[in-house]
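J.: Structure file run27.txt (compact mmCIF, C-alpha atoms) is given on the next line.
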# COMPACT_ATOMS: atom_id res chain seq x y z
CA MET A 1 -15.89 -6.22 4.29
CA GLU A 2 -15.53 -9.22 2.01
CA PHE A 3 -12.41 -11.35 2.32
CA PRO A 4 -10.38 -11.00 -0.91
CA GLN A 5 -9.87 -13.79 -3.41
CA LEU A 6 -6.87 -14.47 -5.59
CA ASP A 7 -7.20 -14.53 -9.36
CA THR A 8 -7.76 -18.28 -9.15
CA GLU A 9 -10.80 -17.59 -6.91
CA VAL A 10 -9.24 -19.23 -3.87
CA THR A 11 -8.66 -17.46 -0.58
CA VAL A 12 -5.57 -19.32 0.67
CA GLN A 13 -2.52 -21.10 -0.70
CA LEU A 14 -0.51 -24.07 0.49
CA HIS A 15 1.92 -23.32 3.35
CA SER A 16 -0.88 -21.65 5.27
CA ALA A 17 -1.59 -23.08 8.70
CA LYS A 18 -4.56 -23.49 10.97
CA GLN A 19 -4.18 -23.43 14.73
CA ARG A 20 -6.44 -23.68 17.70
CA LYS A 21 -5.62 -21.73 20.80
CA VAL A 22 -7.37 -22.81 23.97
CA ARG A 23 -6.67 -20.85 27.10
CA SER A 24 -6.92 -22.35 30.50
CA ARG A 25 -6.13 -21.42 34.05
CA THR A 26 -4.96 -23.88 36.68
CA PHE A 27 -5.47 -23.52 40.41
CA ARG A 28 -3.26 -25.62 42.64
CA PHE A 29 -4.56 -26.05 46.17
CA LEU A 30 -2.88 -27.04 49.38
CA GLY A 31 -2.65 -30.78 49.41
CA ASP A 32 -1.78 -30.80 45.70
CA ALA A 33 -5.34 -30.81 44.44
CA VAL A 34 -5.60 -29.18 41.00
CA GLN A 35 -8.53 -27.46 39.37
CA GLY A 36 -8.44 -26.46 35.68
CA GLN A 37 -10.65 -23.87 34.06
CA GLN A 38 -11.07 -23.28 30.35
CA LEU A 39 -11.23 -19.55 29.73
CA ARG A 40 -11.98 -19.17 26.06
CA THR A 41 -15.51 -20.14 25.25
CA GLY A 42 -15.28 -19.66 21.48
CA SER A 43 -13.67 -21.82 18.82
CA GLY A 44 -10.17 -20.34 19.30
CA PHE A 45 -9.29 -20.98 15.65
CA ARG A 46 -6.67 -18.90 13.91
CA TRP A 47 -5.31 -19.14 10.40
CA LEU A 48 -1.83 -18.05 9.41
CA LEU A 49 -2.23 -17.18 5.73
CA ARG A 50 0.88 -17.29 3.56
CA TYR A 51 0.78 -16.35 -0.11
CA GLU A 52 3.61 -16.78 -2.59
CA SER A 53 4.11 -15.76 -6.23
CA LEU A 54 1.33 -13.21 -6.10
CA ASN A 55 0.93 -10.67 -8.85
CA GLN A 56 0.44 -6.95 -8.31
CA GLU A 57 -3.34 -7.02 -8.35
CA GLU A 58 -3.62 -9.85 -5.86
CA THR A 59 -1.12 -8.21 -3.52
CA SER A 60 -2.93 -4.93 -3.74
CA ARG A 61 -6.23 -6.61 -2.92
CA LEU A 62 -4.82 -8.29 0.20
CA ARG A 63 -3.00 -5.16 1.34
CA GLN A 64 -6.08 -3.03 0.82
CA PHE A 65 -8.17 -5.50 2.82
CA PHE A 66 -5.68 -5.37 5.70
CA GLU A 67 -5.48 -1.58 5.67
CA MET A 68 -9.24 -1.08 5.46
CA THR A 69 -10.04 -3.53 8.26
CA LEU A 70 -9.56 -1.84 11.61
CA PRO A 71 -8.57 -3.76 14.72
CA GLY A 72 -11.63 -5.31 16.30
CA GLN A 73 -13.66 -4.96 13.09
CA SER A 74 -15.13 -8.31 12.15
CA PHE A 75 -15.49 -9.99 8.78
CA SER A 76 -16.61 -13.31 7.44
CA PHE A 77 -13.95 -15.93 6.62
CA THR A 78 -14.50 -19.39 5.17
CA ASP A 79 -12.26 -22.01 6.75
CA PRO A 80 -10.54 -23.61 3.73
CA TRP A 81 -9.96 -26.83 5.70
CA THR A 82 -13.63 -27.45 6.41
CA GLY A 83 -15.62 -25.01 4.30
CA THR A 84 -17.26 -23.66 7.45
CA VAL A 85 -18.12 -19.97 7.37
CA HIS A 86 -16.90 -18.11 10.45
CA ALA A 87 -18.94 -14.93 10.49
CA ASN A 88 -17.08 -13.11 13.23
CA CYS A 89 -13.38 -13.13 12.39
CA ARG A 90 -10.81 -10.38 12.88
CA LEU A 91 -7.20 -9.69 11.98
CA GLY A 92 -4.57 -11.24 14.24
CA ASN A 93 -2.04 -9.15 16.13
CA ALA A 94 0.92 -10.23 14.00
CA GLY A 95 0.27 -7.63 11.30
CA LEU A 96 0.95 -7.98 7.60
CA ASN A 97 4.29 -8.89 6.03
CA LEU A 98 4.80 -8.04 2.39
CA LEU A 99 7.85 -8.88 0.29
CA HIS A 100 8.32 -7.48 -3.20
CA TYR A 101 11.26 -9.50 -4.49
CA ALA A 102 11.10 -9.10 -8.28
CA PRO A 103 9.04 -7.18 -10.84
CA GLY A 104 5.45 -8.38 -10.48
CA SER A 105 6.29 -10.97 -7.77
CA TYR A 106 5.18 -10.67 -4.18
CA GLU A 107 4.78 -12.66 -0.97
CA VAL A 108 2.23 -11.75 1.69
CA GLU A 109 1.58 -13.15 5.16
CA PHE A 110 -1.00 -12.26 7.81
CA GLU A 111 -3.19 -13.83 10.44
CA VAL A 112 -6.95 -14.20 10.85
CA GLU A 113 -8.58 -15.30 14.10
CA ASP A 114 -12.07 -16.34 14.99
CA ALA A 115 -13.43 -13.85 17.49
CA GLN A 116 -16.55 -15.86 18.24
CA MET B 117 14.26 22.38 13.30
CA PRO B 118 15.29 22.65 9.65
CA SER B 119 13.27 25.02 7.47
CA GLU B 120 13.03 22.42 4.69
CA PRO B 121 11.97 18.90 5.64
CA PHE B 122 14.57 16.19 5.34
CA VAL B 123 13.78 14.06 2.33
CA PHE B 124 14.75 10.43 2.00
CA PRO B 125 17.49 10.16 -0.65
CA ALA B 126 17.34 8.35 -3.97
CA THR B 127 19.90 6.61 -6.14
CA ASN B 128 21.57 8.38 -9.06
CA GLU B 129 18.88 7.03 -11.37
CA GLY B 130 16.15 8.57 -9.20
CA PHE B 131 15.02 5.29 -7.68
CA LEU B 132 14.01 5.19 -4.05
CA ALA B 133 14.38 1.44 -3.58
CA GLN B 134 15.87 -1.66 -5.11
CA TYR B 135 14.61 -5.21 -5.03
CA PRO B 136 13.76 -6.75 -2.66
CA VAL B 137 11.54 -4.37 -0.69
CA ARG B 138 10.11 -5.80 2.51
CA MET B 139 7.26 -4.08 4.34
CA ARG B 140 5.72 -4.98 7.69
CA SER B 141 2.41 -3.39 8.70
CA ARG B 142 0.73 -3.56 12.05
CA TYR B 143 -1.88 -1.70 14.04
CA GLN B 144 -0.64 0.00 17.19
CA GLY B 145 -2.99 1.28 19.85
CA PRO B 146 -4.66 0.60 23.17
CA GLN B 147 -6.53 -2.66 23.42
CA VAL B 148 -7.68 -4.75 26.32
CA GLU B 149 -7.83 -8.50 25.94
CA PHE B 150 -10.05 -10.26 28.43
CA PRO B 151 -9.39 -13.75 29.82
CA ASP B 152 -12.06 -15.29 27.60
CA GLY B 153 -10.27 -14.04 24.48
CA SER B 154 -12.57 -11.13 23.68
CA LYS B 155 -10.96 -7.75 22.98
CA GLN B 156 -11.98 -4.19 23.62
CA VAL B 157 -10.49 -1.72 21.16
CA SER B 158 -10.98 1.89 20.23
CA PRO B 159 -10.34 2.02 16.48
CA ALA B 160 -10.13 5.83 16.44
CA GLU B 161 -6.96 5.69 18.54
CA PHE B 162 -5.19 3.12 16.41
CA ARG B 163 -2.27 3.89 14.17
CA LEU B 164 -1.32 1.85 11.16
CA VAL B 165 2.46 1.52 11.36
CA HIS B 166 4.54 0.47 8.37
CA GLN B 167 8.16 -0.54 8.52
CA TRP B 168 10.15 -0.86 5.29
CA GLU B 169 13.37 -2.77 4.99
CA LEU B 170 15.27 -1.32 2.04
CA VAL B 171 18.29 -3.17 0.71
CA TYR B 172 20.61 -1.35 -1.68
CA ARG B 173 23.22 -3.24 -3.62
CA HIS B 174 25.78 -1.98 -6.11
CA LEU B 175 25.74 1.57 -4.82
CA ARG B 176 28.49 3.83 -6.08
CA ASN B 177 30.63 5.95 -3.74
CA GLU B 178 28.58 9.12 -4.10
CA GLU B 179 25.32 7.23 -3.58
CA ARG B 180 26.67 5.56 -0.45
CA ASP B 181 27.86 8.95 0.82
CA ARG B 182 24.41 10.41 0.17
CA PHE B 183 22.65 7.74 2.24
CA GLU B 184 25.29 7.98 4.96
CA ALA B 185 24.99 11.76 5.18
CA PHE B 186 21.21 11.43 5.39
CA PHE B 187 21.46 8.86 8.19
CA PHE B 188 23.73 11.02 10.34
CA GLN B 189 21.73 14.16 9.59
CA VAL B 190 18.53 12.49 10.82
CA GLU B 191 20.23 10.83 13.79
CA ARG B 192 21.86 14.06 14.95
CA SER B 193 18.77 16.23 14.62
CA GLY B 194 16.21 13.66 15.72
CA SER B 195 13.90 15.13 13.09
CA PRO B 196 11.37 13.13 11.11
CA PHE B 197 11.71 13.14 7.33
CA LEU B 198 9.61 12.88 4.21
CA PHE B 199 9.37 9.35 2.87
CA PHE B 200 7.59 7.94 -0.17
CA ASP B 201 6.35 4.36 0.19
CA PRO B 202 7.97 2.61 -2.80
CA LEU B 203 4.99 0.24 -2.92
CA GLY B 204 2.36 2.89 -2.32
CA ASN B 205 -0.12 5.05 -4.17
CA PHE B 206 0.55 8.77 -3.80
CA LEU B 207 -2.89 9.95 -4.83
CA LEU B 208 -4.92 11.53 -2.06
CA GLN B 209 -8.01 9.72 -3.28
CA SER B 210 -8.09 6.85 -5.71
CA LEU B 211 -11.21 4.89 -4.84
CA ASP B 212 -13.74 7.60 -5.64
CA LEU B 213 -13.44 9.87 -8.67
CA THR B 214 -16.32 12.01 -7.37
CA HIS B 215 -14.36 12.86 -4.19
CA PRO B 216 -13.50 16.57 -3.74
CA ALA B 217 -9.78 15.71 -3.95
CA TRP B 218 -10.39 15.39 -7.71
CA MET B 219 -10.79 18.83 -9.27
CA LYS B 220 -13.24 18.96 -12.17
CA ASN B 221 -12.63 21.27 -15.06
CA GLY B 222 -15.42 21.24 -17.64
CA ALA B 223 -18.84 19.63 -17.74
CA MET B 224 -18.88 15.91 -17.15
CA ASP B 225 -20.98 13.25 -15.51
CA ILE B 226 -19.29 10.66 -13.31
CA THR B 227 -21.18 7.52 -12.34
CA ALA B 228 -19.88 4.63 -10.26
CA PHE B 229 -20.66 1.05 -11.29
CA THR B 230 -19.18 -2.43 -11.17
CA ASP B 231 -17.55 -3.48 -14.40
CA PRO B 232 -17.06 -7.18 -15.19
CA ASP B 233 -13.45 -6.55 -16.33
CA LEU B 234 -12.33 -3.71 -14.10
CA GLY B 235 -14.37 -4.19 -10.92
CA GLU B 236 -15.26 -0.94 -9.14
CA ALA B 237 -15.14 1.61 -11.95
CA PHE B 238 -16.57 4.94 -13.16
CA VAL B 239 -18.25 5.98 -16.39
CA ILE B 240 -17.21 9.49 -17.31
CA THR B 241 -19.32 11.24 -19.92
CA ASN B 242 -18.25 14.49 -21.50
CA ASN B 243 -21.26 15.79 -23.44
CA SER B 244 -19.77 19.23 -24.05
CA PHE B 245 -17.82 20.47 -27.07
CA ASP B 246 -14.68 21.15 -25.02
CA TRP B 247 -12.19 18.86 -23.34
CA ALA B 248 -13.03 18.01 -19.73
CA MET B 249 -10.40 17.36 -17.09
CA LEU B 250 -10.14 15.59 -13.74
CA SER B 251 -7.00 16.50 -11.82
CA GLN B 252 -5.35 16.15 -8.46
CA THR B 253 -2.34 17.93 -6.99
CA VAL B 254 -0.07 15.92 -4.74
CA GLY B 255 3.16 16.59 -2.89
CA PHE B 256 5.37 14.49 -5.09
CA GLY B 257 8.71 15.73 -6.23
CA TYR B 258 12.37 15.57 -5.33
CA ASN B 259 13.62 14.10 -8.59
CA PHE B 260 11.97 10.69 -8.49
CA PHE B 261 10.56 9.09 -11.56
CA GLY B 262 6.78 9.12 -11.22
CA CYS B 263 4.22 7.00 -13.00
CA PHE B 264 0.58 8.06 -13.16
CA SER B 265 -1.72 5.36 -14.47
CA VAL B 266 -5.36 4.41 -14.70
CA GLU B 267 -7.20 1.29 -15.80
CA THR B 268 -9.66 1.77 -18.61
CA LYS B 269 -11.59 0.20 -21.44
CA TRP B 270 -14.02 1.06 -24.18
CA ASP B 271 -15.53 -0.81 -27.11
CA SER B 272 -14.55 1.57 -29.86
CA PRO B 273 -11.18 3.37 -29.82
CA VAL B 274 -11.29 6.74 -28.06
CA SER B 275 -8.51 9.02 -26.91
CA VAL B 276 -7.76 9.86 -23.30
CA GLN B 277 -4.96 12.19 -22.33
CA LEU B 278 -2.99 11.57 -19.15
CA GLY B 279 -0.78 14.31 -17.80
CA MET B 280 1.84 14.97 -15.12
CA THR B 281 2.66 18.63 -14.67
CA ASP B 282 4.69 20.65 -12.21
CA SER B 283 5.75 24.26 -12.21
CA LEU B 284 8.82 23.45 -14.33
CA GLU B 285 7.62 20.94 -16.87
CA SER B 286 4.50 19.37 -18.33
CA HIS B 287 4.33 15.88 -19.72
CA LYS B 288 1.16 14.70 -21.48
CA ARG B 289 0.40 11.57 -23.38
CA GLU B 290 -2.59 10.87 -25.60
CA LEU B 291 -3.63 7.25 -25.50
CA LYS B 292 -6.07 5.20 -27.52
CA VAL B 293 -8.39 3.00 -25.53
CA HIS B 294 -9.90 -0.08 -27.11
CA GLU B 295 -9.43 -2.93 -24.63
CA PRO B 296 -9.19 -3.31 -20.85
CA ARG B 297 -5.71 -2.18 -19.87
CA ARG B 298 -3.76 0.20 -17.67
CA LEU B 299 -2.63 3.39 -19.36
CA PHE B 300 0.26 5.37 -17.96
CA VAL B 301 2.37 8.46 -18.29
CA ARG B 302 5.80 8.76 -16.69
CA LYS B 303 7.86 11.76 -15.80
CA ARG B 304 10.83 12.64 -13.66
CA ALA B 305 9.41 14.93 -11.00
CA GLY B 306 11.31 18.18 -10.75
CA ALA B 307 12.81 19.62 -7.60
CA VAL B 308 9.47 21.20 -6.68
CA ALA B 309 7.06 20.29 -3.96
CA SER B 310 3.95 19.40 -5.91
CA THR B 311 2.84 17.71 -9.09
CA ASN B 312 -0.51 17.89 -10.83
CA VAL B 313 -1.83 14.71 -12.42
CA SER B 314 -4.69 14.90 -14.88
CA ILE B 315 -7.06 12.80 -16.95
CA GLU B 316 -8.45 14.66 -19.96
CA ILE B 317 -11.55 13.44 -21.78
CA PRO B 318 -12.19 14.62 -25.38
CA PRO B 319 -15.48 16.35 -26.30
CA GLN B 320 -18.54 14.17 -26.85
CA THR B 321 -16.85 11.11 -25.39
CA GLN B 322 -17.61 8.49 -22.79
CA VAL B 323 -14.91 6.40 -21.11
CA ILE B 324 -14.69 3.86 -18.31
CA LEU B 325 -11.91 4.41 -15.76
CA ALA B 326 -10.84 2.57 -12.62
CA ARG B 327 -8.17 2.66 -9.94
CA PRO B 328 -5.99 5.63 -10.80
CA GLN B 329 -2.61 5.61 -9.10
CA LEU B 330 0.55 7.64 -8.84
CA GLU B 331 3.66 5.76 -7.85
CA ILE B 332 7.41 5.83 -7.97
CA ALA B 333 8.43 4.04 -11.14
CA LEU B 334 10.67 1.28 -9.78
CA GLN B 335 11.05 -0.19 -13.23
CA PRO B 336 11.07 1.92 -16.38
CA THR B 337 8.18 0.05 -17.96
CA ALA B 338 6.38 -1.53 -15.02
CA PHE B 339 3.76 -0.22 -12.68
CA HIS B 340 2.39 -1.97 -9.61
CA ALA B 341 -1.13 -2.17 -8.40
CA THR B 342 -0.60 0.00 -5.35
CA GLY B 343 -3.94 -0.03 -3.58
CA ALA B 344 -5.89 2.92 -2.33
CA ARG B 345 -4.02 4.37 0.63
CA ASN B 346 -1.89 7.43 0.22
CA GLY B 347 1.80 6.48 0.39
CA ILE B 348 3.40 9.79 1.38
CA TYR B 349 4.71 9.85 4.96
CA GLN B 350 5.62 13.32 6.22
CA GLN B 351 6.83 12.18 9.63
CA ALA B 352 8.83 9.04 8.89
CA THR B 353 11.66 7.97 11.17
CA LEU B 354 14.60 5.61 10.97
CA ALA B 355 13.97 2.35 12.77
CA GLN B 356 17.62 1.52 13.36
CA ALA B 357 20.31 2.78 15.68
CA ASN B 358 23.33 1.68 13.66
CA TYR B 359 24.41 2.25 10.12
CA ARG B 360 26.98 0.22 8.26
CA TRP B 361 27.88 -0.57 4.71
CA ILE B 362 29.66 -3.49 3.10
CA SER B 363 31.92 -3.07 0.09
CA PRO B 364 32.52 -6.28 -1.83
CA ALA B 365 34.57 -4.35 -4.39
CA PRO B 366 35.89 -0.80 -4.93
CA ASN B 367 33.04 1.62 -5.68
CA VAL B 368 30.43 -1.11 -4.97
CA HIS B 369 28.56 -0.87 -1.69
CA GLN B 370 25.63 -2.48 0.03
CA ILE B 371 23.50 -0.97 2.80
CA ASN B 372 20.29 -1.85 4.60
CA LEU B 373 17.93 0.83 5.86
CA TYR B 374 14.86 0.50 8.06
CA VAL B 375 12.24 3.21 7.82
CA GLU B 376 9.07 3.55 9.85
CA GLY B 377 6.00 5.60 9.00
CA SER B 378 2.57 5.70 10.57
CA ARG B 379 -0.79 7.38 10.43
CA PHE B 380 -4.08 7.10 12.22
CA ALA B 381 -6.13 4.20 10.95
When written as C-alpha cells, how does the structure in this file appear?

T.:
Amino acid sequence: MEFPQLDTEVTVQLHSAKQRKVRSRTFRFLGDAVQGQQLRTGSGFRWLLRYESLNQEETSRLRQFFEMTLPGQSFSFTDPWTGTVHANCRLGNAGLNLLHYAPGSYEVEFEVEDAQ
Amino acid sequence: MPSEPFVFPATNEGFLAQYPVRMRSRYQGPQVEFPDGSKQVSPAEFRLVHQWELVYRHLRNEERDRFEAFFFQVERSGSPFLFFDPLGNFLLQSLDLTHPAWMKNGAMDITAFTDPDLGEAFVITNNSFDWAMLSQTVGFGYNFFGCFSVETKWDSPVSVQLGMTDSLESHKRELKVHEPRRLFVRKRAGAVASTNVSIEIPPQTQVILARPQLEIALQPTAFHATGARNGIYQQATLAQANYRWISPAPNVHQINLYVEGSRFA
C-alpha cells in the first residue's frame, strides 16, 4: 500500500518527530564486570507524524491508509529527513488520533516504525 | 436483553455530535514482540478499536435528560448499543461500485479507471432507453439528518438523480454535472431501521462517479470526506464509568461522553 500524500504532495508536516530506539541488554557479573548486548539489529527508526489544518480529503486519505494497513503489514515510507526509502515499515502501536475541531479542519497523529 | 437495540441519542436538531469530535483508533490483538524488535502477529485476530470523545455544549434540559437517561439505561443493563460514527461513511461498500452490495436496476456498464481529477473512479454507461439505477440499503435511521453524496464530473452537462428513500418518505434531487464536484442529497431519516440510497442515470448517458458516501450531516451544508469503512457500530459500549454534567447557566449544560466501537480488521 502506498503511503498517502497531502494535497501539497508532501508526506509529513512540521511538528513531526523522528526517533531511534536501540534496545540493549546488560549483564552484570560477580566482581562488577558488565557486558552489554545490542538486541535490535535493524535501524530502529520511528517517525511520529503530526498533521495540522488538514482538509477533509487529506484526513480521509490518512485515515483510510491506517484502517487498510493491518498490524504487521509492511509498506514503503520515505524518511523526510534524509530522503531514504525504507521499504519495510509498519504502523506503530500508538494508533491513530484524529481531531475534528471545526468544519473542514482536522488534526491527525500516528506513528510509523522501520521494521527492518 | 431489550427487544429493540439501544440507540445512541441525538440532540433536538438531530445531530449526533458537536465540535470538536476526537477519535482514537488502535489495533487490538495478540502479538509477540521478540527481543530483536521483530513482531509476530496474526492479522485475522486483530480488532480495529475506535474510541470517540464527544463533547456537548449548550444542551437544553431535555437534551441533557435524554443523554443522562441513555447513560444509566446502558450502565444498568450492561447492553451494547447502536452507534453511528459521526466521522464515518455508512455505506456498506464505497470503494467498488461493481460490488454486490450495490443493486443494479437496468442495463448499464460499469468500468473502473483512474481519473486525473477524481482518482479511483468509475465510468457508468447507460445505453438503454430507460433510467438505470444503482442503489444500496443501509441500516440508517433514528431521526438523524443524513447526507448521501458522490463525486462526479463530465464535460457536457448531464443530469444525475440522487435519492434517499425509506418506507415513510422519499427524497430525490436531480443534479446537473458539468465540472468535478461532489453532489449531495440530504434528508432527515425517519424512525425506521433502513434507508435506501440511489444513483439514477438517465437513458443514453455516460457519467463518471467516485467515492460515494452516506454520513450524518453535522453541518447543514457541509459534507466530509469520510473514507471507505462502514461507520455503523452495532455493539458499541460506553468507555466511561462516571457521568457528570456542568451547567454554566440555567438550561445550558455541558457533558462529555466516551464511546467505544470495534470490529475485526

J.: Return the neighbours of chain B among the residues of chain A, cut-off 10 Å, counting only C-alpha atoms, as a ChimeraX atom specification.

T.: /A:21-25,38-42,44,55-73,91-110,114-116

J.: How many Å lie between CA of Ala365 in chain B and CA of Val171 in chain B, rounded to one decimal?

T.: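 So the answer is 17.1 Å.
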
J.: What is the CA of Leu198 in chain B-CA of Glu376 in chain B distance in Å, reported with one decimal?

T.: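 CA of Glu376 in chain B lies at a distance of 10.9 Å from CA of Leu198 in chain B.
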
J.: Which one is closest to Val313 in chain B: B:Asn358, B:Asn346, B:Thr253, B:Gln370? Count only C-alpha atoms.

T.: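 Of B:Asn358, B:Asn346, B:Thr253, B:Gln370, the one nearest Val313 in chain B is B:Thr253, counting only C-alpha atoms.
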
J.: In Å, with one decimal, what is the gap from CA of Pro216 in chain B to CA of Gln277 in chain B?

T.: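 Separating CA of Pro216 in chain B from CA of Gln277 in chain B is a distance of 20.9 Å.
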
J.: Could you list as a PDB file with C-alpha atoms, in the coordinates of the input every residue that has an atom within 8 Å of (-17.4, 14.0, -18.7), using the file's coordinates and counting all atoms listed in the file?

T.:
ATOM      1  CA  GLY B 222     -15.420  21.240 -17.640  1.00  0.00           C
ATOM      2  CA  ALA B 223     -18.840  19.630 -17.740  1.00  0.00           C
ATOM      3  CA  MET B 224     -18.880  15.910 -17.150  1.00  0.00           C
ATOM      4  CA  ASP B 225     -20.980  13.250 -15.510  1.00  0.00           C
ATOM      5  CA  ILE B 226     -19.290  10.660 -13.310  1.00  0.00           C
ATOM      6  CA  ILE B 240     -17.210   9.490 -17.310  1.00  0.00           C
ATOM      7  CA  THR B 241     -19.320  11.240 -19.920  1.00  0.00           C
ATOM      8  CA  ASN B 242     -18.250  14.490 -21.500  1.00  0.00           C
ATOM      9  CA  ASN B 243     -21.260  15.790 -23.440  1.00  0.00           C
ATOM     10  CA  SER B 244     -19.770  19.230 -24.050  1.00  0.00           C
ATOM     11  CA  ALA B 248     -13.030  18.010 -19.730  1.00  0.00           C
ATOM     12  CA  MET B 249     -10.400  17.360 -17.090  1.00  0.00           C
ATOM     13  CA  ILE B 317     -11.550  13.440 -21.780  1.00  0.00           C
ATOM     14  CA  THR B 321     -16.850  11.110 -25.390  1.00  0.00           C
ATOM     15  CA  GLN B 322     -17.610   8.490 -22.790  1.00  0.00           C
TER      16      GLN B 322
END

J.: Identify which of the residues B:Pro364, B:Pro202, B:Gly347, B:Gly194 lies closest to Ile332 in chain B, counting only C-alpha atoms when measuring atom-to-atom distances.

T.: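 Of the candidates, the smallest distance to Ile332 in chain B is held by B:Pro202.
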
J.: List the neighbours of Arg289 in chain B out to 7 Å using only C-alpha atoms; skip same-chain residues closer than 4 positions along the sequence, and give me the result as a list in words.

T.: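 Those residues are Gln277, Leu278, Gly279 and Val301 of chain B.
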
J.: Report, as JSON, the axis-aligned box around all atoms of range 19-37 of chain A present in the file, extended by 3 Å on each side; give centre and edge lengths in Å to one decimal place.

T.:
{"center_x": -6.2, "center_y": -25.8, "center_z": 32.1, "size_x": 14.9, "size_y": 16.0, "size_z": 40.7}

J.: Can you pull out the residues contacting Asp231 in chain B? Cut-off 12 Å, using only C-alpha atoms, and skip same-chain residues under 2 positions away; I want them as a compact mmCIF listing (two decimals) with C-alpha atoms, keeping the file's coordinate frame.

T.:
# COMPACT_ATOMS: atom_id res chain seq x y z
CA THR B 227 -21.18 7.52 -12.34
CA ALA B 228 -19.88 4.63 -10.26
CA PHE B 229 -20.66 1.05 -11.29
CA ASP B 233 -13.45 -6.55 -16.33
CA LEU B 234 -12.33 -3.71 -14.10
CA GLY B 235 -14.37 -4.19 -10.92
CA GLU B 236 -15.26 -0.94 -9.14
CA ALA B 237 -15.14 1.61 -11.95
CA PHE B 238 -16.57 4.94 -13.16
CA VAL B 239 -18.25 5.98 -16.39
CA GLU B 267 -7.20 1.29 -15.80
CA THR B 268 -9.66 1.77 -18.61
CA LYS B 269 -11.59 0.20 -21.44
CA TRP B 270 -14.02 1.06 -24.18
CA PRO B 296 -9.19 -3.31 -20.85
CA ILE B 324 -14.69 3.86 -18.31
CA LEU B 325 -11.91 4.41 -15.76
CA ALA B 326 -10.84 2.57 -12.62
